[in-house]
>>> print(open('coords03.csv').read())   # CSV, C-alpha atoms and all ligand atoms
chain,number,residue,atom,x,y,z
A,198,MET,CA,14.6,16.6,-26.0
A,199,SER,CA,13.5,14.3,-23.2
A,200,TYR,CA,12.8,10.6,-23.3
A,201,GLU,CA,9.1,11.5,-22.8
A,202,GLN,CA,9.1,13.4,-26.1
A,203,HIS,CA,11.1,10.7,-27.8
A,204,PHE,CA,8.5,8.1,-27.0
A,205,GLY,CA,5.5,10.4,-27.3
A,206,LEU,CA,4.7,10.3,-23.6
A,207,LYS,CA,2.9,13.0,-21.5
A,208,GLU,CA,4.9,12.1,-18.4
A,209,GLN,CA,7.3,9.6,-17.0
A,210,PRO,CA,5.6,6.2,-16.6
A,211,PHE,CA,7.6,4.8,-13.7
A,212,ALA,CA,7.8,7.7,-11.3
A,213,ILE,CA,7.6,6.9,-7.6
A,214,THR,CA,4.6,9.0,-6.7
A,215,PRO,CA,1.6,6.8,-5.8
A,216,ASP,CA,-0.7,8.4,-8.3
A,217,PRO,CA,-3.9,6.2,-8.2
A,218,ARG,CA,-4.2,6.5,-12.0
A,219,TYR,CA,-1.2,4.2,-12.3
A,220,PHE,CA,-2.6,1.5,-10.0
A,221,TYR,CA,-2.3,-1.8,-11.9
A,222,GLU,CA,-5.2,-4.1,-11.1
A,223,SER,CA,-3.1,-7.3,-10.9
A,224,ASP,CA,-4.9,-10.3,-9.6
A,225,GLN,CA,-3.2,-10.2,-6.3
A,226,HIS,CA,-3.4,-6.4,-5.7
A,227,MET,CA,-7.1,-6.4,-6.7
A,228,GLY,CA,-7.7,-9.6,-4.7
A,229,ALA,CA,-6.1,-7.9,-1.7
A,230,LEU,CA,-8.2,-4.8,-2.1
A,231,ILE,CA,-11.5,-6.7,-2.5
A,232,ARG,CA,-10.7,-9.0,0.5
A,233,ILE,CA,-9.7,-6.0,2.7
A,234,GLN,CA,-12.8,-4.0,1.8
A,235,HIS,CA,-15.0,-7.1,2.5
A,236,ALA,CA,-13.3,-7.5,5.9
A,237,ILE,CA,-14.1,-3.9,6.7
A,238,ASP,CA,-17.7,-4.1,5.4
A,239,SER,CA,-18.3,-7.1,7.6
A,240,ALA,CA,-16.6,-5.4,10.6
A,241,LYS,CA,-13.9,-8.0,11.0
A,242,GLY,CA,-11.9,-5.6,13.2
A,243,LEU,CA,-8.2,-6.3,12.5
A,244,THR,CA,-6.7,-6.9,9.1
A,245,VAL,CA,-2.9,-7.3,8.5
A,246,VAL,CA,-1.2,-6.8,5.1
A,247,ILE,CA,2.2,-8.3,5.0
A,248,GLY,CA,4.6,-7.9,2.0
A,249,ASP,CA,8.3,-7.6,1.4
A,250,MET,CA,9.9,-4.3,0.3
A,251,GLY,CA,8.6,-2.7,-2.8
A,252,LEU,CA,5.7,-5.1,-3.4
A,253,GLY,CA,3.1,-2.3,-3.2
A,254,LYS,CA,1.8,-2.0,0.4
A,255,THR,CA,2.0,1.8,0.5
A,256,PHE,CA,0.3,2.1,-2.9
A,257,LEU,CA,-2.4,-0.4,-1.9
A,258,SER,CA,-3.1,1.6,1.3
A,259,ARG,CA,-3.4,4.8,-0.7
A,260,LYS,CA,-5.7,3.1,-3.2
A,261,ILE,CA,-8.0,1.8,-0.4
A,262,LEU,CA,-8.0,5.3,1.1
A,263,ASP,CA,-8.9,6.8,-2.2
A,264,LYS,CA,-11.6,4.2,-3.0
A,265,MET,CA,-13.2,4.5,0.4
A,266,GLN,CA,-13.2,8.3,0.4
A,267,SER,CA,-14.9,8.2,-3.0
A,268,GLU,CA,-17.7,6.0,-1.8
A,269,ASP,CA,-19.6,8.9,-0.4
A,270,GLY,CA,-20.6,8.7,3.2
A,271,LYS,CA,-19.9,5.0,3.7
A,272,TYR,CA,-16.6,5.2,5.5
A,273,GLU,CA,-14.9,7.4,8.0
A,274,VAL,CA,-11.4,6.5,6.9
A,275,ALA,CA,-7.9,7.8,7.6
A,276,LEU,CA,-4.4,6.7,6.7
A,277,LEU,CA,-1.6,7.0,9.3
A,278,ILE,CA,2.0,6.6,8.3
A,279,ILE,CA,4.3,5.7,11.2
A,280,ILE,CA,7.7,7.3,10.4
A,281,HIS,CA,9.8,6.3,13.4
A,282,HIS,CA,9.8,3.6,16.1
A,283,GLU,CA,9.9,5.9,19.1
A,284,ILE,CA,6.2,6.8,19.1
A,285,THR,CA,4.2,6.1,22.2
A,286,ALA,CA,0.8,4.5,22.7
A,287,GLY,CA,-0.4,8.0,23.9
A,288,TRP,CA,0.7,9.6,20.7
A,289,LEU,CA,-1.0,7.0,18.5
A,290,LEU,CA,-4.2,7.1,20.4
A,291,LYS,CA,-4.3,10.9,20.1
A,292,LYS,CA,-3.6,10.6,16.3
A,293,ILE,CA,-6.4,8.1,15.9
A,294,GLY,CA,-8.8,10.3,17.9
A,295,VAL,CA,-8.0,13.3,15.8
A,296,GLN,CA,-8.4,11.4,12.6
A,297,LEU,CA,-11.8,10.0,13.7
A,298,GLY,CA,-12.9,13.5,14.4
A,299,VAL,CA,-12.5,13.9,18.2
A,300,GLU,CA,-12.5,17.7,18.6
A,301,SER,CA,-10.4,18.4,21.7
A,302,PRO,CA,-8.5,15.2,22.4
A,303,ALA,CA,-7.8,14.9,26.2
A,304,GLU,CA,-4.2,14.5,27.5
A,305,ASP,CA,-5.4,11.9,30.0
A,306,LYS,CA,-5.4,8.5,28.4
A,307,SER,CA,-8.6,7.1,29.9
A,308,LEU,CA,-10.5,10.3,29.0
A,309,LEU,CA,-9.1,10.1,25.5
A,310,ILE,CA,-10.2,6.5,25.1
A,311,SER,CA,-13.7,7.4,26.2
A,312,GLN,CA,-13.8,10.3,23.7
A,313,ILE,CA,-12.7,7.9,21.0
A,314,CYS,CA,-15.4,5.4,22.0
A,315,LYS,CA,-18.1,8.1,21.9
A,316,GLN,CA,-16.9,9.2,18.5
A,317,LEU,CA,-17.0,5.6,17.2
A,318,ILE,CA,-20.6,5.3,18.4
A,319,TYR,CA,-21.4,8.6,16.7
A,320,ILE,CA,-19.8,7.4,13.4
A,321,ASP,CA,-21.7,4.1,13.7
A,322,GLU,CA,-25.0,5.8,14.3
A,323,ALA,CA,-24.4,7.9,11.1
A,324,GLY,CA,-24.3,4.6,9.3
A,325,LYS,CA,-20.6,4.7,8.5
A,326,ARG,CA,-17.7,2.3,9.1
A,327,ALA,CA,-14.7,3.7,10.9
A,328,VAL,CA,-11.4,2.6,9.4
A,329,ILE,CA,-7.9,3.4,10.4
A,330,LEU,CA,-5.2,2.3,7.9
A,331,ILE,CA,-1.7,2.2,9.3
A,332,ASP,CA,1.3,2.0,6.9
A,333,GLU,CA,4.8,1.2,8.1
A,334,ALA,CA,3.1,-0.5,11.1
A,335,HIS,CA,6.3,-2.4,11.9
A,336,MET,CA,7.5,0.9,13.4
A,337,LEU,CA,5.0,0.1,16.2
A,338,GLN,CA,7.3,-1.7,18.5
A,339,THR,CA,6.1,-1.7,22.1
A,340,GLN,CA,3.6,-4.0,23.8
A,341,ASP,CA,1.5,-1.2,25.2
A,342,ILE,CA,0.8,0.2,21.7
A,343,TYR,CA,-0.6,-3.2,20.6
A,344,GLU,CA,-2.6,-3.5,23.8
A,345,GLU,CA,-4.2,-0.1,23.2
A,346,LEU,CA,-5.0,-1.1,19.6
A,347,ARG,CA,-6.6,-4.2,21.0
A,348,GLY,CA,-8.6,-2.1,23.4
A,349,LEU,CA,-10.0,-0.1,20.6
A,350,LEU,CA,-10.8,-3.2,18.6
A,351,ASN,CA,-12.9,-4.5,21.5
A,352,VAL,CA,-15.3,-1.6,21.3
A,353,GLU,CA,-18.5,-3.1,20.0
A,354,GLY,CA,-21.9,-1.8,19.1
A,355,GLY,CA,-25.0,-4.0,19.4
A,356,THR,CA,-23.9,-6.6,16.9
A,357,HIS,CA,-20.6,-5.5,15.5
A,358,LYS,CA,-17.2,-4.0,16.1
A,359,LEU,CA,-17.1,-0.3,15.7
A,360,LEU,CA,-13.5,0.2,14.5
A,361,ASN,CA,-11.6,-1.5,11.8
A,362,ILE,CA,-7.8,-1.3,11.7
A,363,VAL,CA,-5.6,-2.3,8.8
A,364,LEU,CA,-1.9,-2.7,9.5
A,365,PHE,CA,0.5,-2.7,6.5
A,366,GLY,CA,4.1,-3.8,7.0
A,367,PRO,CA,6.9,-6.2,6.1
A,368,PRO,CA,7.1,-9.7,7.6
A,369,GLU,CA,8.8,-8.3,10.8
A,370,LEU,CA,5.5,-6.7,11.7
A,371,GLU,CA,4.2,-10.1,12.7
A,372,LYS,CA,7.2,-10.4,15.1
A,373,PHE,CA,6.3,-7.2,16.8
A,374,MET,CA,2.6,-8.1,17.0
A,375,GLN,CA,3.6,-11.2,19.0
A,376,LEU,CA,4.3,-8.7,21.8
A,377,ASP,CA,0.6,-9.0,22.4
A,378,PRO,CA,-0.6,-12.5,21.6
A,379,PRO,CA,-4.3,-11.8,22.3
A,380,LEU,CA,-4.1,-9.2,19.5
A,381,VAL,CA,-2.7,-11.8,17.1
A,382,SER,CA,-5.6,-14.1,17.9
A,383,ARG,CA,-8.0,-11.3,16.9
A,384,ILE,CA,-6.7,-11.0,13.3
A,385,GLY,CA,-9.8,-11.3,11.1
A,386,LEU,CA,-7.9,-11.2,7.8
A,387,LYS,CA,-4.3,-11.6,6.8
A,388,VAL,CA,-3.2,-10.8,3.3
A,389,THR,CA,0.3,-11.6,2.1
A,390,LEU,CA,1.5,-9.7,-1.0
A,391,ARG,CA,3.7,-11.6,-3.4
A,392,PRO,CA,5.7,-10.5,-6.5
A,393,LEU,CA,4.0,-10.3,-9.9
A,394,ASP,CA,4.2,-13.3,-12.1
A,395,VAL,CA,5.6,-12.9,-15.7
A,396,ASN,CA,2.3,-12.1,-17.3
A,397,ALA,CA,1.3,-9.6,-14.6
A,398,THR,CA,4.8,-8.0,-15.0
A,399,ILE,CA,4.2,-7.6,-18.8
A,400,GLY,CA,0.7,-6.2,-18.1
A,401,TYR,CA,2.1,-3.9,-15.4
A,402,ILE,CA,4.8,-2.4,-17.7
A,403,ASN,CA,2.3,-1.8,-20.5
A,404,HIS,CA,-0.3,-0.4,-18.2
A,405,ARG,CA,2.0,2.2,-16.8
A,406,ALA,CA,3.3,3.2,-20.2
A,407,LYS,CA,-0.3,3.6,-21.5
A,408,VAL,CA,-1.4,5.8,-18.5
A,409,ALA,CA,1.7,8.0,-19.2
A,410,GLY,CA,0.4,8.5,-22.8
A,411,ALA,CA,2.0,5.8,-24.9
A,412,THR,CA,0.0,5.1,-28.0
A,413,ARG,CA,2.2,2.4,-29.3
A,414,GLU,CA,4.4,-0.4,-28.0
A,415,ILE,CA,7.5,1.0,-26.3
A,416,PHE,CA,8.8,-2.2,-24.7
A,417,THR,CA,9.0,-5.3,-26.8
A,418,PRO,CA,7.4,-8.4,-25.3
A,419,GLU,CA,10.9,-10.0,-25.0
A,420,ALA,CA,12.1,-7.0,-23.1
A,421,CYS,CA,9.2,-7.3,-20.7
A,422,LYS,CA,9.9,-11.0,-20.1
A,423,LEU,CA,13.6,-10.3,-19.5
A,424,ALA,CA,12.7,-7.4,-17.1
A,425,TYR,CA,10.7,-10.0,-15.1
A,426,GLU,CA,13.7,-12.3,-14.9
A,427,TYR,CA,15.9,-9.5,-13.5
A,428,THR,CA,13.3,-7.9,-11.2
A,429,ARG,CA,11.5,-11.1,-10.1
A,430,GLY,CA,8.2,-9.2,-10.4
A,431,ILE,CA,8.9,-6.7,-7.6
A,432,PRO,CA,7.1,-3.5,-8.7
A,433,ARG,CA,9.7,-1.0,-7.3
A,434,ILE,CA,12.6,-2.8,-9.1
A,435,ILE,CA,10.5,-3.0,-12.3
A,436,ASN,CA,10.0,0.7,-12.1
A,437,ALA,CA,13.8,1.5,-11.6
A,438,THR,CA,14.7,-0.9,-14.5
A,439,CYS,CA,12.1,0.4,-16.9
A,440,ASP,CA,12.7,4.1,-16.2
A,441,ASN,CA,16.4,3.6,-16.8
A,442,ALA,CA,15.7,1.5,-19.9
A,443,LEU,CA,13.6,4.3,-21.4
A,444,LEU,CA,16.4,6.8,-20.9
A,445,GLU,CA,19.0,4.4,-22.3
A,446,ALA,CA,16.8,3.6,-25.4
A,447,PHE,CA,16.4,7.3,-26.0
A,448,ILE,CA,20.1,7.9,-25.7
A,449,GLN,CA,20.8,5.1,-28.2
A,450,LYS,CA,18.0,6.5,-30.5
A,451,LYS,CA,16.0,3.3,-30.4
A,452,ASP,CA,12.3,3.5,-30.9
A,453,ARG,CA,11.5,0.8,-28.3
A,454,VAL,CA,13.2,-0.9,-25.4
A,455,ASP,CA,14.6,-4.3,-26.5
A,456,PRO,CA,16.3,-7.1,-24.5
A,457,ALA,CA,19.8,-5.6,-25.1
A,458,ILE,CA,18.7,-2.4,-23.3
A,459,ILE,CA,17.3,-4.4,-20.4
A,460,ASP,CA,20.5,-6.5,-20.1
A,461,GLN,CA,22.6,-3.3,-20.0
A,462,VAL,CA,20.4,-1.4,-17.5
A,463,ALA,CA,20.0,-4.5,-15.2
A,464,SER,CA,23.7,-4.9,-15.1
A,465,ASP,CA,24.2,-1.2,-14.2
A,466,LEU,CA,21.7,-1.7,-11.4
A,467,GLY,CA,23.5,-4.8,-10.2
A,468,LEU,CA,20.5,-7.1,-10.9
A,469,LYS,CA,21.0,-10.8,-11.5
A,470,LYS,CA,18.7,-13.1,-13.5
A,471,GLU,CA,16.9,-15.9,-11.6
A,501,LIG,N1,-0.5,-2.3,-8.1
A,501,LIG,C1,0.4,-1.4,-8.5
A,501,LIG,N2,0.2,-0.7,-9.6
A,501,LIG,C2,1.1,0.2,-10.0
A,501,LIG,N3,2.3,0.5,-9.4
A,501,LIG,C3,2.5,-0.2,-8.3
A,501,LIG,C4,1.6,-1.2,-7.8
A,501,LIG,N4,2.1,-1.7,-6.6
A,501,LIG,C5,3.3,-1.1,-6.5
A,501,LIG,N5,3.6,-0.2,-7.4
A,501,LIG,C6,4.7,0.7,-7.5
A,501,LIG,O1,5.8,0.0,-7.0
A,501,LIG,C7,6.6,0.9,-6.2
A,501,LIG,C8,6.7,0.3,-4.8
A,501,LIG,O2,5.5,0.2,-4.1
A,501,LIG,P1,5.2,0.6,-2.6
A,501,LIG,O3,6.0,1.8,-2.3
A,501,LIG,O4,3.8,0.7,-2.4
A,501,LIG,O5,5.8,-0.7,-1.9
A,501,LIG,P2,5.9,-1.0,-0.4
A,501,LIG,O6,5.5,-2.5,-0.3
A,501,LIG,O7,5.2,0.0,0.4
A,501,LIG,O8,7.5,-1.0,-0.1
A,501,LIG,P3,8.2,-0.7,1.3
A,501,LIG,O9,8.2,-2.0,2.1
A,501,LIG,O10,9.6,-0.3,1.0
A,501,LIG,O11,7.5,0.4,2.0
A,501,LIG,C9,5.9,2.2,-6.1
A,501,LIG,O12,6.6,3.1,-7.0
A,501,LIG,C10,4.5,1.9,-6.7
A,501,LIG,O13,4.1,3.0,-7.5
A,502,MG,MG,5.7,1.3,1.9
>>> encode(input="coords03.csv", output="structure tokens")
Amino acid sequence: MSYEQHFGLKEQPFAITPDPRYFYESDQHMGALIRIQHAIDSAKGLTVVIGDMGLGKTFLSRKILDKMQSEDGKYEVALLIIIHHEITAGWLLKKIGVQLGVESPAEDKSLLISQICKQLIYIDEAGKRAVILIDEAHMLQTQDIYEELRGLLNVEGGTHKLLNIVLFGPPELEKFMQLDPPLVSRIGLKVTLRPLDVNATIGYINHRAKVAGATREIFTPEACKLAYEYTRGIPRIINATCDNALLEAFIQKKDRVDPAIIDQVASDLGLKKE
């Protein structure tokens, strides 16, 4: 028997895959989503989303991608994930070109830029907003990368900018952006993600349990409050704590997670109360 069966769940509620069904519409995650979409709809150009580890930047970027793809024909949107810091401006431009639909991206940089500009005009004439979401943007670490991004942000149609870029990264992203101060001055919207508060943490835990199929309470309210104290409302740490707590409660044959289980699991994970 698994803990899923023990608690009557269809699946594990705190798995790490960013499945949009699990997205919890906390005030701050939803606030961020609405503000970012508004910035894109009003062609603000550059948006920066800053947040410490595990606060939900990647999940938010997926959610935005998902939402924009589902709004048929309104956006030409792509998500790039930067996996190491050795990438070059040329590589990034090519990637952006391909994602925007440039068919045979040129090797020559100025040719490639003019291909991208043409494509941006084509997208605009089709009545769509072009959006490039870049996760792990702090891996962009050279001045020429930021200069090229600024160049693309400068492309304008009659009345508005033709490309919107949203950068997601931890606070050090702002340090790297300082490599190109004129880019920093073009930031149209900056969103800072913060940890969940105690009520949002309780809502978050219950939401994920419900999506996984829970039909009754499986975390007592006291256990949720204690989980907040140990995790300080950081979603990734809440997930680790709650996943371990479900397993532990199952092993101890308890029908719900109580504060004693949270204390035990938090101590195993090396977490300290505030
Ligand atoms: N709004 C949310 N609803 C549901 N789950 C969330 C939400 N935000 C974050 N999570 C969960 O928290 C975990 C951490 O989120 P995520 O990976 O997006 O953080 P991150 O800010 O990108 O972290 P890192 O800086 O390490 O890249 C993920 O497992 C994700 O599913
Ligand atoms: Mg991430």
>>> residues_near_ligand(input="coords03.csv", ligand="ligand MG 502 (chain A)", cutoff="12 Å", atoms="all atoms listed in the file", output="ChimeraX atom specification")
/A:213-215,246-259,277-280,331-336,364-367,432-433
>>> closest_residue(input="coords03.csv", among="A:Phe220, A:Phe373, A:Tyr200, A:Tyr425", to="ligand LIG 501 (chain A)", atoms="only C-alpha atoms and all ligand atoms")
A:Phe220
>>> residues_near_point(input="coords03.csv", point="(-9.4, -3.2, -3.8)", cutoff="12 Å", atoms="only C-alpha atoms", output="ChimeraX atom specification")
/A:217,220-237,256-265
>>> closest_residue(input="coords03.csv", among="A:His281, A:Arg429, A:Lys306, A:Ala323", to="Gln338 (chain A)", atoms="all atoms listed in the file")
A:His281
>>> residues_around(input="coords03.csv", residues="Leu349 (chain A)", least_positions_apart="6", cutoff="9 Å", atoms="all atoms listed in the file", output="short mmCIF file (atom, residue, chain, number, x, y, z; two decimals) with C-alpha atoms, in the coordinates of the input")
data_model
loop_
_atom_site.label_atom_id
_atom_site.label_comp_id
_atom_site.auth_asym_id
_atom_site.auth_seq_id
_atom_site.Cartn_x
_atom_site.Cartn_y
_atom_site.Cartn_z
CA ILE A 310 -10.20 6.50 25.10
CA ILE A 313 -12.70 7.90 21.00
CA CYS A 314 -15.40 5.40 22.00
CA LEU A 359 -17.10 -0.30 15.70
CA LEU A 360 -13.50 0.20 14.50
#
>>> atom_distance(input="coords03.csv", atom1="CA of Ala327 (chain A)", atom2="CA of Glu273 (chain A)")
4.7 Å
>>> closest_residue(input="coords03.csv", among="A:Ala457, A:Leu390, A:Leu243, A:Ile399", to="ligand LIG 501 (chain A)", atoms="all atoms listed in the file")
A:Leu390
>>> atom_distance(input="coords03.csv", atom1="atom N1 of ligand LIG 501 (chain A)", atom2="CA of Cys421 (chain A)")
16.7 Å
>>> residues_around(input="coords03.csv", residues="Ile362 (chain A)", least_positions_apart="5", cutoff="6 Å", atoms="all atoms listed in the file", output="ChimeraX atom specification")
/A:243,328-330
>>> closest_residue(input="coords03.csv", among="A:Gln316, A:Ser382, A:Asn351, A:Asn436", to="ligand LIG 501 (chain A)", atoms="all atoms listed in the file")
A:Asn436
>>> closest_residue(input="coords03.csv", among="A:Ala212, A:Met198, A:Ala406, A:Leu308", to="ligand LIG 501 (chain A)", atoms="only C-alpha atoms and all ligand atoms")
A:Ala212
>>> closest_residue(input="coords03.csv", among="A:Gln266, A:Thr285, A:Gln312, A:Thr398", to="Gly430 (chain A)", atoms="only C-alpha atoms")
A:Thr398
>>> atom_distance(input="coords03.csv", atom1="CA of Tyr343 (chain A)", atom2="CA of Thr244 (chain A)")
13.5 Å
>>> residues_near_point(input="coords03.csv", point="(5.5, 6.1, -25.9)", cutoff="8 Å", atoms="only C-alpha atoms", output="PyMOL selection string")
chain A and resi 201+203-206+406-407+409-415
>>> axis_aligned_box(input="coords03.csv", around="region 238-257 of chain A", padding_each_side="6 Å", output="AutoDock Vina command-line options")
--center_x -4.2 --center_y -3.1 --center_z 4.9 --size_x 40.2 --size_y 22.4 --size_z 28.6
>>> residues_around(input="coords03.csv", residues="Lys422 (chain A)", least_positions_apart="3", cutoff="12 Å", atoms="only C-alpha atoms", output="number ranges by chain")
A: 393-403, 416-419, 425-430, 435, 454-456, 459-460, 470
>>> residues_around(input="coords03.csv", residues="Val295 (chain A)", least_positions_apart="2", cutoff="12 Å", atoms="only C-alpha atoms", output="list of chain:residue names")
A:Glu273, A:Val274, A:Ala275, A:Leu276, A:Leu277, A:Trp288, A:Leu289, A:Leu290, A:Lys291, A:Lys292, A:Ile293, A:Leu297, A:Gly298, A:Val299, A:Glu300, A:Ser301, A:Pro302, A:Ala303, A:Leu309, A:Ile310, A:Gln312, A:Ile313, A:Gln316, A:Leu317, A:Ile329
